[in-house]
Structure formats: C-alpha cells, structure tokens
file target31.json (JSON, C-alpha atoms and all ligand atoms)
[["chain", "number", "residue", "atom", "x", "y", "z"],
["H", 1, "MET", "CA", 0.00, 0.00, 0.00],
["H", 2, "GLU", "CA", 1.25, 3.38, -0.97],
["H", 3, "SER", "CA", 0.75, 6.26, 1.38],
["H", 4, "GLY", "CA", 0.68, 9.17, -1.07],
["H", 5, "PRO", "CA", -0.26, 12.77, -0.28],
["H", 6, "ASP", "CA", -3.90, 12.08, -1.27],
["H", 7, "SER", "CA", -4.54, 9.45, 1.39],
["H", 8, "LEU", "CA", -2.72, 11.56, 3.98],
["H", 9, "PHE", "CA", -5.11, 14.40, 3.21],
["H", 10, "VAL", "CA", -8.13, 12.11, 3.64],
["H", 11, "THR", "CA", -6.78, 10.82, 6.95],
["H", 12, "LEU", "CA", -6.25, 14.36, 8.16],
["H", 13, "LEU", "CA", -9.77, 15.33, 7.16],
["H", 14, "LEU", "CA", -11.19, 12.32, 9.00],
["H", 15, "LEU", "CA", -9.17, 13.15, 12.07],
["H", 16, "LEU", "CA", -10.30, 16.76, 11.99],
["H", 17, "HIS", "CA", -13.91, 15.74, 11.53],
["H", 18, "SER", "CA", -13.93, 13.25, 14.39],
["H", 19, "SER", "CA", -12.17, 15.67, 16.72],
["H", 20, "HIS", "CA", -14.76, 18.28, 15.78],
["H", 21, "SER", "CA", -17.77, 16.11, 16.63],
["H", 22, "GLU", "CA", -15.91, 14.94, 19.75],
["H", 23, "SER", "CA", -15.51, 18.58, 20.80],
["H", 24, "GLU", "CA", -19.24, 19.20, 20.34],
["H", 25, "ARG", "CA", -20.15, 16.66, 22.97],
["H", 26, "PHE", "CA", -20.94, 18.36, 26.25],
["H", 27, "GLU", "CA", -23.06, 18.15, 29.32],
["H", 28, "VAL", "CA", -25.21, 20.97, 30.69],
["H", 29, "LEU", "CA", -24.75, 21.39, 34.42],
["H", 30, "GLY", "CA", -26.25, 23.57, 37.13],
["H", 31, "PRO", "CA", -27.74, 23.42, 40.62],
["H", 32, "THR", "CA", -29.65, 20.31, 41.67],
["H", 33, "ASP", "CA", -31.36, 22.07, 44.59],
["H", 34, "THR", "CA", -34.36, 24.33, 44.25],
["H", 35, "ILE", "CA", -33.51, 28.02, 44.05],
["H", 36, "LEU", "CA", -35.42, 30.19, 46.51],
["H", 37, "ALA", "CA", -35.77, 33.69, 45.08],
["H", 38, "VAL", "CA", -36.90, 36.67, 47.11],
["H", 39, "ALA", "CA", -39.36, 38.91, 45.25],
["H", 40, "GLY", "CA", -37.74, 42.14, 44.07],
["H", 41, "ASP", "CA", -34.20, 40.69, 44.01],
["H", 42, "ASP", "CA", -32.01, 40.03, 40.98],
["H", 43, "ILE", "CA", -31.01, 36.36, 40.70],
["H", 44, "ILE", "CA", -28.72, 34.17, 38.61],
["H", 45, "LEU", "CA", -29.94, 30.81, 37.32],
["H", 46, "PRO", "CA", -26.61, 28.93, 36.95],
["H", 47, "CYS", "CA", -26.07, 26.81, 33.88],
["H", 48, "TYR", "CA", -22.77, 25.87, 32.18],
["H", 49, "LEU", "CA", -21.16, 23.43, 29.80],
["H", 50, "LYS", "CA", -18.84, 20.63, 30.77],
["H", 51, "PRO", "CA", -16.23, 20.61, 29.33],
["H", 52, "ASN", "CA", -16.08, 24.41, 29.40],
["H", 53, "ILE", "CA", -16.13, 24.89, 25.62],
["H", 54, "SER", "CA", -17.45, 28.04, 23.99],
["H", 55, "ALA", "CA", -21.22, 28.43, 23.62],
["H", 56, "GLU", "CA", -20.86, 31.53, 21.45],
["H", 57, "ASP", "CA", -21.94, 29.66, 18.30],
["H", 58, "MET", "CA", -24.62, 27.55, 19.96],
["H", 59, "THR", "CA", -28.31, 28.13, 20.61],
["H", 60, "VAL", "CA", -29.07, 28.89, 24.26],
["H", 61, "ASP", "CA", -32.74, 28.58, 25.18],
["H", 62, "TRP", "CA", -34.18, 29.35, 28.57],
["H", 63, "LEU", "CA", -37.78, 28.18, 29.07],
["H", 64, "ASN", "CA", -40.21, 28.26, 31.98],
["H", 65, "LEU", "CA", -41.99, 24.93, 31.60],
["H", 66, "ASP", "CA", -44.97, 26.21, 33.60],
["H", 67, "PHE", "CA", -45.83, 28.47, 30.64],
["H", 68, "LYS", "CA", -47.37, 26.71, 27.66],
["H", 69, "ASP", "CA", -46.07, 29.11, 25.05],
["H", 70, "GLY", "CA", -43.11, 31.36, 24.64],
["H", 71, "ARG", "CA", -39.59, 31.53, 25.96],
["H", 72, "VAL", "CA", -37.84, 33.29, 28.77],
["H", 73, "TYR", "CA", -34.76, 33.97, 26.62],
["H", 74, "ARG", "CA", -33.12, 32.85, 23.37],
["H", 75, "TYR", "CA", -29.59, 33.38, 22.07],
["H", 76, "GLN", "CA", -28.94, 32.13, 18.54],
["H", 77, "ASN", "CA", -26.49, 32.98, 15.71],
["H", 78, "ARG", "CA", -24.67, 35.24, 18.18],
["H", 79, "LYS", "CA", -27.79, 37.34, 18.65],
["H", 80, "ILE", "CA", -30.56, 37.76, 21.21],
["H", 81, "ILE", "CA", -33.86, 36.60, 19.69],
["H", 82, "ARG", "CA", -36.75, 38.55, 21.16],
["H", 83, "GLU", "CA", -39.63, 36.95, 19.25],
["H", 84, "ASP", "CA", -41.86, 34.69, 21.32],
["H", 85, "GLN", "CA", -40.57, 36.03, 24.60],
["H", 86, "ILE", "CA", -43.11, 35.61, 27.42],
["H", 87, "PRO", "CA", -44.35, 39.19, 28.07],
["H", 88, "SER", "CA", -43.71, 39.10, 31.82],
["H", 89, "TYR", "CA", -39.96, 38.52, 31.17],
["H", 90, "ILE", "CA", -39.46, 41.41, 28.73],
["H", 91, "GLY", "CA", -36.65, 43.67, 29.90],
["H", 92, "ARG", "CA", -35.74, 41.48, 32.89],
["H", 93, "THR", "CA", -33.51, 38.75, 31.42],
["H", 94, "SER", "CA", -29.96, 38.58, 30.10],
["H", 95, "LEU", "CA", -27.04, 36.21, 29.60],
["H", 96, "PHE", "CA", -23.49, 37.03, 30.63],
["H", 97, "GLU", "CA", -22.30, 37.39, 27.06],
["H", 98, "GLU", "CA", -18.68, 37.90, 28.11],
["H", 99, "GLU", "CA", -18.84, 34.47, 29.78],
["H", 100, "LEU", "CA", -20.20, 32.48, 26.80],
["H", 101, "TRP", "CA", -16.73, 31.71, 25.39],
["H", 102, "ARG", "CA", -16.02, 29.58, 28.44],
["H", 103, "GLY", "CA", -19.33, 27.73, 28.40],
["H", 104, "ASN", "CA", -21.14, 29.84, 31.00],
["H", 105, "THR", "CA", -24.77, 30.16, 29.89],
["H", 106, "SER", "CA", -26.22, 31.32, 33.23],
["H", 107, "LEU", "CA", -29.30, 33.55, 33.08],
["H", 108, "LYS", "CA", -29.70, 36.76, 35.00],
["H", 109, "LEU", "CA", -33.28, 37.52, 36.03],
["H", 110, "SER", "CA", -33.98, 40.98, 37.46],
["H", 111, "ARG", "CA", -36.69, 42.16, 39.87],
["H", 112, "VAL", "CA", -38.13, 38.72, 40.66],
["H", 113, "GLN", "CA", -41.94, 38.60, 40.77],
["H", 114, "GLY", "CA", -44.58, 36.00, 41.63],
["H", 115, "THR", "CA", -45.11, 34.83, 38.06],
["H", 116, "ASP", "CA", -41.40, 33.83, 37.82],
["H", 117, "GLU", "CA", -41.94, 30.72, 39.93],
["H", 118, "GLY", "CA", -41.63, 27.48, 37.98],
["H", 119, "HIS", "CA", -39.39, 24.88, 36.37],
["H", 120, "TYR", "CA", -36.75, 26.40, 34.12],
["H", 121, "LYS", "CA", -35.07, 24.51, 31.31],
["H", 122, "CYS", "CA", -31.61, 25.54, 30.15],
["H", 123, "PHE", "CA", -31.35, 24.00, 26.68],
["H", 124, "ILE", "CA", -28.09, 24.21, 24.71],
["H", 125, "LYS", "CA", -27.91, 23.14, 21.10],
["H", 126, "ALA", "CA", -24.80, 22.83, 18.94],
["H", 127, "LYS", "CA", -24.79, 21.66, 15.31],
["H", 128, "SER", "CA", -24.85, 17.98, 16.11],
["H", 129, "TRP", "CA", -25.41, 17.78, 19.81],
["H", 130, "ASP", "CA", -27.72, 19.16, 22.48],
["H", 131, "HIS", "CA", -28.31, 18.76, 26.15],
["H", 132, "ASP", "CA", -30.42, 20.43, 28.84],
["H", 133, "LEU", "CA", -30.93, 20.95, 32.53],
["H", 134, "ILE", "CA", -34.01, 21.71, 34.62],
["H", 135, "ILE", "CA", -33.92, 24.04, 37.63],
["H", 136, "GLN", "CA", -36.80, 24.65, 40.01],
["H", 137, "VAL", "CA", -37.35, 28.21, 41.23],
["H", 138, "LEU", "CA", -39.58, 29.17, 44.17],
["H", 139, "VAL", "CA", -40.52, 32.79, 44.73],
["H", 140, "LYS", "CA", -40.91, 34.13, 48.23],
["H", 141, "ALA", "CA", -42.70, 37.39, 49.03],
["H", 142, "VAL", "CA", -43.71, 38.46, 52.52],
["H", 143, "GLY", "CA", -46.78, 40.67, 52.33],
["H", 144, "SER", "CA", -47.75, 43.82, 54.17],
["H", 145, "LYS", "CA", -48.70, 44.06, 57.83],
["H", 146, "PRO", "CA", -52.44, 43.33, 57.93],
["H", 147, "VAL", "CA", -54.73, 46.36, 58.11],
["H", 148, "VAL", "CA", -57.83, 45.92, 60.26],
["H", 149, "SER", "CA", -60.84, 48.18, 59.81],
["H", 150, "ILE", "CA", -63.97, 48.40, 61.92],
["H", 151, "GLU", "CA", -67.11, 48.04, 59.86],
["H", 152, "GLY", "CA", -69.72, 48.75, 62.57],
["H", 153, "HIS", "CA", -72.54, 46.77, 64.19],
["H", 154, "ARG", "CA", -73.34, 43.54, 62.38],
["H", 155, "GLU", "CA", -75.76, 40.81, 63.42],
["H", 156, "GLY", "CA", -75.45, 41.51, 67.12],
["H", 157, "GLY", "CA", -71.65, 41.93, 67.10],
["H", 158, "MET", "CA", -68.98, 44.14, 65.61],
["H", 159, "GLY", "CA", -67.91, 43.67, 62.00],
["H", 160, "LEU", "CA", -64.15, 43.76, 61.29],
["H", 161, "LEU", "CA", -62.23, 43.47, 58.04],
["H", 162, "CYS", "CA", -58.59, 42.41, 57.69],
["H", 163, "GLU", "CA", -56.51, 42.90, 54.56],
["H", 164, "SER", "CA", -52.88, 42.16, 53.58],
["H", 165, "GLU", "CA", -51.18, 42.34, 50.18],
["H", 166, "GLY", "CA", -48.03, 41.33, 48.31],
["H", 167, "TRP", "CA", -47.72, 37.64, 49.23],
["H", 168, "HIS", "CA", -46.21, 34.67, 47.41],
["H", 169, "PRO", "CA", -47.12, 31.83, 47.51],
["H", 170, "GLU", "CA", -50.78, 32.27, 48.41],
["H", 171, "PRO", "CA", -51.07, 32.85, 52.19],
["H", 172, "GLU", "CA", -53.70, 31.86, 54.73],
["H", 173, "LEU", "CA", -55.61, 34.37, 56.86],
["H", 174, "VAL", "CA", -56.92, 33.53, 60.35],
["H", 175, "TRP", "CA", -58.80, 35.54, 62.97],
["H", 176, "LEU", "CA", -57.98, 34.79, 66.63],
["H", 177, "ASN", "CA", -59.32, 35.95, 69.97],
["H", 178, "SER", "CA", -57.00, 36.94, 72.85],
["H", 179, "LYS", "CA", -56.69, 33.25, 73.89],
["H", 180, "GLY", "CA", -55.44, 32.30, 70.44],
["H", 181, "VAL", "CA", -58.67, 30.50, 69.55],
["H", 182, "HIS", "CA", -59.63, 30.65, 65.89],
["H", 183, "LEU", "CA", -62.78, 32.65, 65.23],
["H", 184, "PHE", "CA", -65.36, 31.60, 62.71],
["H", 185, "ALA", "CA", -65.04, 34.07, 59.85],
["H", 186, "GLY", "CA", -66.47, 34.62, 56.41],
["H", 187, "PRO", "CA", -64.93, 33.11, 53.28],
["H", 188, "PRO", "CA", -61.45, 34.46, 52.45],
["H", 189, "GLU", "CA", -61.25, 36.71, 49.40],
["H", 190, "ILE", "CA", -58.08, 36.12, 47.41],
["H", 191, "HIS", "CA", -56.87, 38.21, 44.50],
["H", 192, "ARG", "CA", -53.74, 37.69, 42.37],
["H", 193, "ASP", "CA", -52.27, 40.70, 40.59],
["H", 194, "PHE", "CA", -50.58, 40.68, 37.15],
["H", 195, "LYS", "CA", -47.14, 40.19, 38.74],
["H", 196, "GLY", "CA", -48.41, 37.09, 40.53],
["H", 197, "PHE", "CA", -48.62, 38.50, 44.07],
["H", 198, "TYR", "CA", -51.57, 37.67, 46.33],
["H", 199, "THR", "CA", -53.87, 39.94, 48.34],
["H", 200, "VAL", "CA", -56.11, 38.34, 51.00],
["H", 201, "LYS", "CA", -58.98, 39.79, 52.94],
["H", 202, "GLN", "CA", -61.57, 38.40, 55.29],
["H", 203, "HIS", "CA", -64.56, 39.72, 57.26],
["H", 204, "VAL", "CA", -65.39, 38.56, 60.78],
["H", 205, "ILE", "CA", -68.11, 39.41, 63.30],
["H", 206, "VAL", "CA", -66.81, 39.48, 66.87],
["H", 207, "GLN", "CA", -68.77, 39.46, 70.12],
["H", 208, "GLU", "CA", -67.73, 41.40, 73.20],
["H", 209, "THR", "CA", -65.19, 39.53, 75.39],
["H", 210, "ASP", "CA", -63.47, 40.42, 78.66],
["H", 211, "THR", "CA", -60.40, 41.75, 76.79],
["H", 212, "ASN", "CA", -61.92, 42.79, 73.45],
["H", 213, "ARG", "CA", -58.59, 42.03, 71.80],
["H", 214, "PHE", "CA", -58.64, 40.36, 68.40],
["H", 215, "THR", "CA", -55.80, 39.35, 66.10],
["H", 216, "CYS", "CA", -55.66, 39.00, 62.34],
["H", 217, "ARG", "CA", -52.82, 36.72, 61.28],
["H", 218, "VAL", "CA", -51.68, 36.15, 57.70],
["H", 219, "GLN", "CA", -49.28, 33.23, 57.33],
["H", 220, "GLN", "CA", -47.45, 31.22, 54.68],
["H", 221, "SER", "CA", -46.14, 27.92, 56.02],
["H", 222, "GLN", "CA", -44.04, 26.96, 52.94],
["H", 223, "ILE", "CA", -41.85, 30.04, 53.39],
["H", 224, "ASN", "CA", -42.34, 30.05, 57.17],
["H", 225, "GLU", "CA", -43.49, 33.65, 57.40],
["H", 226, "LYS", "CA", -46.34, 35.42, 59.17],
["H", 227, "MET", "CA", -47.56, 38.95, 59.79],
["H", 228, "GLU", "CA", -50.20, 39.92, 62.32],
["H", 229, "THR", "CA", -52.12, 42.88, 63.69],
["H", 230, "GLU", "CA", -53.95, 43.04, 67.02],
["H", 231, "VAL", "CA", -56.87, 45.37, 67.60],
["H", 232, "HIS", "CA", -58.41, 46.42, 70.88],
["H", 233, "LEU", "CA", -62.02, 47.50, 70.64],
["H", 234, "PRO", "CA", -63.30, 49.79, 73.45],
["H", 235, "SER", "CA", -66.31, 48.12, 75.09],
["H", 236, "GLU", "CA", -68.46, 51.24, 74.47],
["H", 237, "LEU", "CA", -68.33, 50.22, 70.81],
["H", 238, "PHE", "CA", -70.32, 47.08, 71.61],
["H", 239, "ASP", "CA", -72.82, 49.02, 73.78],
["H", 240, "THR", "CA", -75.81, 49.85, 71.67],
["H", 241, "THR", "CA", -77.42, 52.08, 74.40],
["H", 242, "PRO", "CA", -75.64, 55.31, 73.44],
["H", 243, "LEU", "CA", -76.66, 54.64, 69.91],
["H", 244, "ARG", "CA", -80.30, 54.25, 70.92],
["H", 245, "MET", "CA", -80.05, 57.42, 73.02],
["H", 246, "ALA", "CA", -78.67, 59.28, 70.05],
["H", 247, "PHE", "CA", -81.55, 57.97, 67.97],
["H", 248, "ILE", "CA", -84.15, 59.10, 70.53],
["H", 249, "VAL", "CA", -82.53, 62.55, 70.81],
["H", 250, "LEU", "CA", -82.56, 62.87, 67.03],
["H", 251, "CYS", "CA", -86.24, 61.86, 66.91],
["H", 252, "CYS", "CA", -87.17, 64.39, 69.64],
["H", 253, "LEU", "CA", -85.20, 67.10, 67.88],
["H", 254, "GLY", "CA", -87.03, 66.27, 64.68],
["H", 255, "ALA", "CA", -90.41, 66.44, 66.41],
["H", 256, "ILE", "CA", -89.58, 69.77, 68.11],
["H", 257, "ILE", "CA", -88.43, 71.27, 64.85],
["H", 258, "GLY", "CA", -91.58, 69.98, 63.15],
["H", 259, "ILE", "CA", -93.92, 71.42, 65.77],
["H", 260, "GLY", "CA", -91.99, 74.70, 65.77],
["H", 261, "LEU", "CA", -92.23, 74.96, 62.01],
["H", 262, "SER", "CA", -95.99, 74.29, 61.91],
["H", 263, "LEU", "CA", -96.54, 76.80, 64.70],
["H", 264, "ALA", "CA", -94.60, 79.40, 62.77],
["H", 265, "ILE", "CA", -96.58, 78.68, 59.62],
["H", 266, "CYS", "CA", -99.87, 78.92, 61.54],
["H", 267, "TRP", "CA", -98.82, 82.20, 63.07],
["H", 268, "ILE", "CA", -97.74, 83.64, 59.73],
["H", 269, "SER", "CA", -100.98, 82.70, 57.97],
["H", 270, "TYR", "CA", -102.99, 83.99, 60.96],
["H", 271, "LYS", "CA", -101.11, 87.30, 60.74],
["H", 272, "LYS", "CA", -101.79, 87.42, 57.00],
["H", 273, "ASP", "CA", -105.54, 86.96, 57.54],
["H", 274, "GLU", "CA", -105.53, 89.64, 60.23],
["H", 275, "LEU", "CA", -103.76, 92.02, 57.83],
["H", 276, "LYS", "CA", -106.26, 91.21, 55.10],
["H", 277, "ALA", "CA", -109.16, 91.89, 57.46],
["H", 278, "GLU", "CA", -107.64, 95.18, 58.55],
["H", 279, "LYS", "CA", -107.19, 96.17, 54.91],
["H", 280, "GLU", "CA", -110.84, 95.28, 54.19],
["H", 281, "VAL", "CA", -112.09, 97.42, 57.07],
["H", 282, "LEU", "CA", -109.98, 100.30, 55.87],
["H", 283, "ARG", "CA", -111.34, 99.96, 52.31],
["H", 284, "MET", "CA", -114.92, 99.83, 53.52],
["H", 285, "GLU", "CA", -114.42, 102.88, 55.70],
["H", 286, "ASN", "CA", -112.91, 104.68, 52.77],
["H", 287, "GLU", "CA", -115.91, 103.89, 50.59],
["H", 288, "ASP", "CA", -118.30, 104.98, 53.33],
["H", 289, "PHE", "CA", -116.44, 108.28, 53.52],
["H", 290, "LYS", "CA", -116.65, 108.73, 49.76],
["H", 291, "LYS", "CA", -120.41, 108.06, 49.78],
["H", 292, "LYS", "CA", -120.94, 110.50, 52.60],
["H", 293, "CYS", "CA", -119.05, 113.20, 50.73],
["H", 294, "LYS", "CA", -121.26, 112.82, 47.65],
["L", 1, "LIG", "C1", -11.92, 25.27, 31.85],
["L", 1, "LIG", "O1", -11.81, 24.23, 32.87],
["L", 1, "LIG", "C2", -10.49, 23.92, 33.20],
["L", 1, "LIG", "C3", -10.56, 22.77, 34.18],
["L", 1, "LIG", "O2", -11.54, 21.85, 33.84],
["L", 1, "LIG", "C4", -9.82, 25.11, 33.80],
["L", 1, "LIG", "O3", -8.47, 24.80, 34.08],
["L", 1, "LIG", "C5", -9.87, 26.27, 32.82],
["L", 1, "LIG", "O4", -9.34, 27.44, 33.42],
["L", 1, "LIG", "C6", -11.27, 26.52, 32.39],
["L", 1, "LIG", "N1", -11.29, 27.54, 31.38],
["L", 1, "LIG", "C7", -12.02, 28.65, 31.46],
["L", 1, "LIG", "C8", -11.93, 29.58, 30.32],
["L", 1, "LIG", "O5", -12.77, 28.87, 32.41],
["L", 2, "LIG", "C1", -21.09, 32.55, 35.16],
["L", 2, "LIG", "O1", -21.03, 33.97, 35.17],
["L", 2, "LIG", "C2", -21.62, 34.58, 36.29],
["L", 2, "LIG", "C3", -21.53, 36.08, 36.11],
["L", 2, "LIG", "O2", -20.22, 36.51, 35.96],
["L", 2, "LIG", "C4", -20.97, 34.10, 37.59],
["L", 2, "LIG", "O3", -21.63, 34.67, 38.68],
["L", 2, "LIG", "C5", -21.03, 32.59, 37.64],
["L", 2, "LIG", "O4", -20.34, 32.15, 38.79],
["L", 2, "LIG", "C6", -20.44, 31.98, 36.39],
["L", 2, "LIG", "N1", -20.61, 30.53, 36.43],
["L", 2, "LIG", "C7", -19.62, 29.70, 36.16],
["L", 2, "LIG", "C8", -19.98, 28.28, 36.24],
["L", 2, "LIG", "O5", -18.51, 30.10, 35.84]]
call {"tool": "encode", "arguments": {"input": "target31.json", "output": "structure tokens"}}
result
Amino acid sequence: MESGPDSLFVTLLLLLHSSHSESERFEVLGPTDTILAVAGDDIILPCYLKPNISAEDMTVDWLNLDFKDGRVYRYQNRKIIREDQIPSYIGRTSLFEEELWRGNTSLKLSRVQGTDEGHYKCFIKAKSWDHDLIIQVLVKAVGSKPVVSIEGHREGGMGLLCESEGWHPEPELVWLNSKGVHLFAGPPEIHRDFKGFYTVKQHVIVQETDTNRFTCRVQQSQINEKMETEVHLPSELFDTTPLRMAFIVLCCLGAIIGIGLSLAICWISYKKDELKAEKEVLRMENEDFKKKCK
C-alpha cells in the first residue's frame, strides 16, 4: 500500500472531523437544589457546559416549563432573539455574554416577581449535539402588615375586616381571639395581581369579650413567614345604648323642629288673615267716607 499525499489528506480530514464532533459533545450542568428567590431581588440561574467549551456559536434557550407558550430567553447565531418572549420577562432577562466563550450560559433575572416561579429549562444546542438541565425556582414574598378596619354593628356583634397584600405563595388568613382561639369568619377573598402576588382579605363578626382584643394573622407555612395585627375595641363600641339614646334625641329634635315649624306657619298665615281683614275694614271705611261726601 502506498501512502501518497492524497490518502494523507483524507486521513487528516477524517481526524479533523472526528475531533470536531468529539468537541461538540458536552453536558449541561447547574444546581440540583431548588432556588429560593426573594421577590424584588435580581437572581442568577446557573447553567454551564462541561467541558467548558465556547457556547458563542450555539443556541441557548431558557424556558419556563410552567408556561405553555413562549420563551424566557433565546440566544442564537450570536444574537438575542426577542420573538416569542413571554411578556412578563421582557426587559428582565440577560445572559453574561462575556462568559459564553467559556461555556457559562447562566441567566440573570432581574426584579423577581410571583409569576417567575416554575421549572426552568436551560437548553443548549450545537450543530450535532444538544443537552439540557431543569432548575426549580420558588418565589418568596412576605406581604404587608395586615390592616384591620372596623365596619360597625353587624348581626349583634362588631364587624371587622382584615386585609394584607403582596404575598407569594398564596397565604392563609386567620382571625384569633386573645386566647389564640380561631374565630369563625367569612370566606377568604383572594386576589392575584398581574405580577403574581396575592392579596387576601376576610370579614369577621366578633362578640364582646373580657379583653376585646382580636388578632388577624396572615401566614405562609411553605416560606415560614407570618404577619399579624392586634386590635383592641373599646367596650363602648359594643354598647348599643348610646346609639339608641342618640336615635331618641334625634327623633325628639325632629319632632320639636316639626312642631316649631308648623306653629310658625300657623302664626304667619294667621297674621296674613288679620292684615287682610284690617285692609278690608280700611277699604270699607274709605268707601263709606266717599259716599258721605257725595
Ligand atoms: C476550563 O476548565 C479547566 C478545568 O476543567 C480550567 O483549568 C480552565 O481554566 C477553564 N477555562 C475557562 C476559560 O474557564
Ligand atoms: C457565570 O457567570 C456569572 C456572572 O459573571 C458568575 O456569577 C457565575 O459564577 C459563572 N458561572 C460559572 C460556572 O462560571
């Protein structure tokens, strides 16, 4: 067998080709634990190639699998592709482009919000090879201190309303008396805003107790957080007597004003009649005088 320049060239080509496809084989690595993100923070979702080859000419796709359509981020042909980006991620995602050459395809996500929770897929595709990784992200947001408002007398007790906003995940609201016993309350009203944060509110009717102290507690056991507000209602609030007194006084006042008004009207019309009569007498006298003169 002759090993001429032609066969050497073919061997070289083969070698080059196999080393090329060898070099395209990689694994995508990242955290195995769930990432707990605090709402409002900027976070990094780690993802990188092993071996640490360049990803500059690969496609890097970040997806949130909890969304049916759209992508969180796409990098392809050395460009950021903005089509099909999930609206809630617009303007909040980026790659570390200066890190791509060493296989670092981590995603930066700014101003974390409730809708960011989910399972993220970091998918890297080269010409003849691809691999991916899934990362779970939980979003934690502690809501506002509950605000309690007094709604007035209701069904023989006092109506109270408690409200707290800005939670994630969805919290639970409970009403307690001073002994820590749960009070029977109305159905909770839960609202989720466009950023995925929860507002809860709940009405309760409380009866007078020896302390008149009541607590509204909003809690989220998954993130181990709670916020509460205690109110102390003065016992006069429960007493309906002053209210009744006020009612009676108002009624009496009304009656007095009414009587006064009718008396005034009577007097005025009486005066009017008197005036008319006087005028009549005067006219008659005048006529009499005229007749006498003739
Ligand atoms: C790639 O990884 C090797 C070790 O596996 C390390 O020595 C080298 O510095 C890394 N290169 C870059 C660019 O990070
Ligand atoms: C990737 O780049 C980011 C930003 O510089 C850095 O925080 C992170 O540690 C890098 N990851 C790896 C695996 O090098």
call {"tool": "closest_residue", "arguments": {"input": "target31.json", "among": "H:Asp193, H:Asp66, H:Asp132, H:Glu83", "to": "Gln113 (chain H)", "atoms": "all atoms listed in the file"}}
result
H:Asp193
call {"tool": "closest_residue", "arguments": {"input": "target31.json", "among": "H:Glu189, H:Asp42, H:Glu56, H:Glu97", "to": "ligand LIG 2 (chain L)", "atoms": "all atoms listed in the file"}}
result
H:Glu97
call {"tool": "residues_near_ligand", "arguments": {"input": "target31.json", "ligand": "ligand LIG 2 (chain L)", "cutoff": "9 Å", "atoms": "all atoms listed in the file", "output": "number ranges by chain"}}
result
H: 29-30, 44, 46-49, 52, 95-100, 102-108
call {"tool": "atom_distance", "arguments": {"input": "target31.json", "atom1": "CA of Ser149 (chain H)", "atom2": "CA of Lys195 (chain H)"}}
result
26.4 Å
call {"tool": "closest_residue", "arguments": {"input": "target31.json", "among": "H:Asp33, H:Asp130, H:Asp210, H:Glu225", "to": "Glu170 (chain H)", "atoms": "all atoms listed in the file"}}
result
H:Glu225
call {"tool": "closest_residue", "arguments": {"input": "target31.json", "among": "H:Phe123, H:Phe184, H:Trp175, H:Tyr198", "to": "Glu27 (chain H)", "atoms": "only C-alpha atoms"}}
result
H:Phe123
call {"tool": "closest_residue", "arguments": {"input": "target31.json", "among": "H:Val142, H:Val231, H:Val137, H:Ile53", "to": "ligand LIG 1 (chain L)", "atoms": "all atoms listed in the file"}}
result
H:Ile53
call {"tool": "atom_distance", "arguments": {"input": "target31.json", "atom1": "CA of Arg25 (chain H)", "atom2": "CA of Ser128 (chain H)"}}
result
8.4 Å
call {"tool": "atom_distance", "arguments": {"input": "target31.json", "atom1": "CA of Pro187 (chain H)", "atom2": "CA of Lys201 (chain H)"}}
result
9.0 Å
call {"tool": "closest_residue", "arguments": {"input": "target31.json", "among": "H:Glu155, H:Asp57, H:Glu228, H:Asp41", "to": "Val206 (chain H)", "atoms": "all atoms listed in the file"}}
result
H:Glu155
call {"tool": "build_atoms", "arguments": {"input": "target31.json", "residues": "region 159-170 of chain H", "atoms": "N, CA and C atoms", "output": "CSV table (one decimal), keeping the file's coordinate frame"}}
result
chain,number,residue,atom,x,y,z
H,159,GLY,N,-68.5,44.2,63.2
H,159,GLY,CA,-67.9,43.7,62.0
H,159,GLY,C,-66.5,44.2,61.8
H,160,LEU,N,-65.5,43.3,61.5
H,160,LEU,CA,-64.2,43.8,61.3
H,160,LEU,C,-63.7,43.2,59.9
H,161,LEU,N,-62.8,43.9,59.3
H,161,LEU,CA,-62.2,43.5,58.0
H,161,LEU,C,-60.7,43.5,58.1
H,162,CYS,N,-60.1,42.4,57.7
H,162,CYS,CA,-58.6,42.4,57.7
H,162,CYS,C,-58.1,42.2,56.3
H,163,GLU,N,-57.0,42.9,55.9
H,163,GLU,CA,-56.5,42.9,54.6
H,163,GLU,C,-55.0,43.0,54.6
H,164,SER,N,-54.3,42.1,53.7
H,164,SER,CA,-52.9,42.2,53.6
H,164,SER,C,-52.5,41.8,52.1
H,165,GLU,N,-51.5,42.5,51.6
H,165,GLU,CA,-51.2,42.3,50.2
H,165,GLU,C,-49.7,42.0,49.9
H,166,GLY,N,-49.4,41.5,48.7
H,166,GLY,CA,-48.0,41.3,48.3
H,166,GLY,C,-47.4,40.0,48.7
H,167,TRP,N,-48.2,38.9,48.8
H,167,TRP,CA,-47.7,37.6,49.2
H,167,TRP,C,-47.4,36.7,48.1
H,168,HIS,N,-46.4,35.8,48.3
H,168,HIS,CA,-46.2,34.7,47.4
H,168,HIS,C,-45.4,33.6,48.2
H,169,PRO,N,-45.9,32.3,48.1
H,169,PRO,CA,-47.1,31.8,47.5
H,169,PRO,C,-48.4,32.4,48.3
H,170,GLU,N,-49.5,31.8,47.8
H,170,GLU,CA,-50.8,32.3,48.4
H,170,GLU,C,-50.8,32.0,49.9
